[in-house]
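Engineer: Sharing a structure here in structure tokens format.
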Amino acid sequence: MAENMPTFPGLERWHLTCPIGKGAFSEVFRAQDTEALHDEVAIKIMRKRAMNSQQNASMCKEIEIMRQMSHPNLIQLIDTIDTNEYCYIIMELCTGGELFNQVVKLTYLSEDLSRHVILQVARAVQYLHQTLGIVHRDIKPENILFHSIPLLPSKIPKKPQPGEEKKVDEGDFVSGVGCGGIGTVKLGDFGFSKKILGNLTATPCGTMGYAAPEIVDDQKYSTGVDMWALGCVLFALLAGYPPFYDPNIKILMKRVTKAQFAFDSPWWDNISDEAKDLIRNLLTVDPAKRYTIDEFMAHPWILAASQNDQNEK
Ligand code: ADP
Ligand code: MG
């Protein structure tokens, strides 16, 4: 495989071994450090010429934001290399692949495993919102990666499709592995991330004094987009399908703007009221009423985690 790998100017130190992902303007490769100072890494390669000036600016922002980050549930930046033609983001490698490739495309998770996964994403969100004053703005299954290959049961039940008649049996729930077995998940892709101007630690005191109320409100609720996305991911983990789906984009948009989702039978029959209550509070249309990360962390369904986690240790 490695023999057929493309070579890139300025990237001589890193030996590309295989492609692992593709985005709109980037390609991600697995690579080894020829100087052996680092373990295997992931390198996101962006071709500058393919981007317009706005996309270029957002790439610079992505790098600037990644430079500030250090959290066990965020993909860690190792280095960046900037050349005339390309920009390379060298980062910690997640060998376990995307969350939904590993889990939700195959099945849905038990409440304990779903909690274990969503709590890790939430810790990353809490660090971004409260420590760095950053909104991620692109939380979705493709951007949540398993650090290593998760241990899942060998017999994975077929995922039910929305609309499909299906009886749920006990055995359909992936509950046979301890939460530890599913391992660490990390949030990546900061291409849409944004600094919150109104963040108390990020803005000089005077700036807010001149801002119109709608700007103050916008800033105040801008973190809400990540909370909504957490709700969508949690729904999908528990159900095996997303809360909003329609092949017709207009109908889909209407569903989203009105938060038209349902806990359909039989998929939700065995799921606790606490889990449903948390999802309702995240998938709330009014951002002023939607849960913040602090409210999420204090919810009874989430707090049940600390006990379960402790039992595991
Ligand atoms: P884009 O901004 O183009 O969506 P991403 O940063 O999301 O780019 O990367 C695209 C894909 O590459 C991801 O969805 C994931 O599958 C893979 N990928 C990205 N970073 C890593 C990493 N550190 N380890 C393993 N795979 C990664
Ligand atoms: Mg992405």
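How things are named: the first chain in the structure tokens is A, the next is B, and so on; residues count from 1 in each chain; ligands count from 1 in the order shown.
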Mind listing the strand (DSSP E) residues of stretch 84-118 of chain A, per DSSP on the backbone, as a list in words?

Structural biologist: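 Of stretch 84-118 of chain A, the ones in strand (DSSP E) are Tyr86, Cys87, Tyr88, Ile89, Ile90, Met91 and Glu92 of chain A.
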
Engineer: Give me, as a tab-separated table, the closest atom pair and its distance (Å, one decimal) for every residue of chain A within a cut-off of 6 Å of ligand 2, counting only C-alpha atoms and all ligand atoms, rows sorted by chain and rising number.

Structural biologist:
residue	atom	partner	partner_atom_place_in_ligand_line	distance
A:Gly23	CA	ligand 2	1 (Mg)	5.9
A:Glu142	CA	ligand 2	1 (Mg)	5.9
A:Asn143	CA	ligand 2	1 (Mg)	5.1
A:Asp189	CA	ligand 2	1 (Mg)	5.1

Engineer: Once you have the residues from the selection above, write them out as an mmCIF file, in the first residue's frame, restricted to N, CA and C atoms.

Structural biologist:
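Wrote it out as again-v7.cif, contents follow:
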data_model
loop_
_atom_site.group_PDB
_atom_site.id
_atom_site.type_symbol
_atom_site.label_atom_id
_atom_site.label_comp_id
_atom_site.auth_asym_id
_atom_site.auth_seq_id
_atom_site.Cartn_x
_atom_site.Cartn_y
_atom_site.Cartn_z
ATOM 1 N N GLY A 23 -12.603 14.652 3.184
ATOM 2 C CA GLY A 23 -13.598 15.695 3.415
ATOM 3 C C GLY A 23 -13.748 16.507 2.145
ATOM 4 N N GLU A 142 -19.538 11.670 11.945
ATOM 5 C CA GLU A 142 -18.297 11.554 11.164
ATOM 6 C C GLU A 142 -17.133 12.245 11.857
ATOM 7 N N ASN A 143 -17.453 13.163 12.757
ATOM 8 C CA ASN A 143 -16.381 13.919 13.413
ATOM 9 C C ASN A 143 -16.108 13.433 14.837
ATOM 10 N N ASP A 189 -12.244 17.664 13.784
ATOM 11 C CA ASP A 189 -12.706 18.552 12.713
ATOM 12 C C ASP A 189 -13.187 19.917 13.211
#

Engineer: In Å, how far is it from atom CA of A:Ala211 to atom CA of A:Phe192?

Structural biologist: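 Between atom CA of A:Ala211 and atom CA of A:Phe192 the gap works out to 23.5 Å.
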
Engineer: A:Asp112, A:Glu62, A:Asp226, A:Asp33: which is nearest ligand 1, counting only C-alpha atoms and all ligand atoms?

Structural biologist: A:Glu62

Engineer: With a distance cut-off of 12 Å and only C-alpha atoms, select the neighbouring residues of A:Asp294, excluding the residue or stretch itself and same-chain residues fewer than 2 positions from it, and output the selection as a list in words.

Structural biologist: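 Using only C-alpha atoms, the neighbours found are Ala122, Arg123, Val125, Gln126, Tyr127, His129, Gln130, Thr223, Gly224, Met227, Arg290, Tyr291, Thr292, Phe296, Met297, Ala298, His299, Ile302 and Leu303 of chain A.
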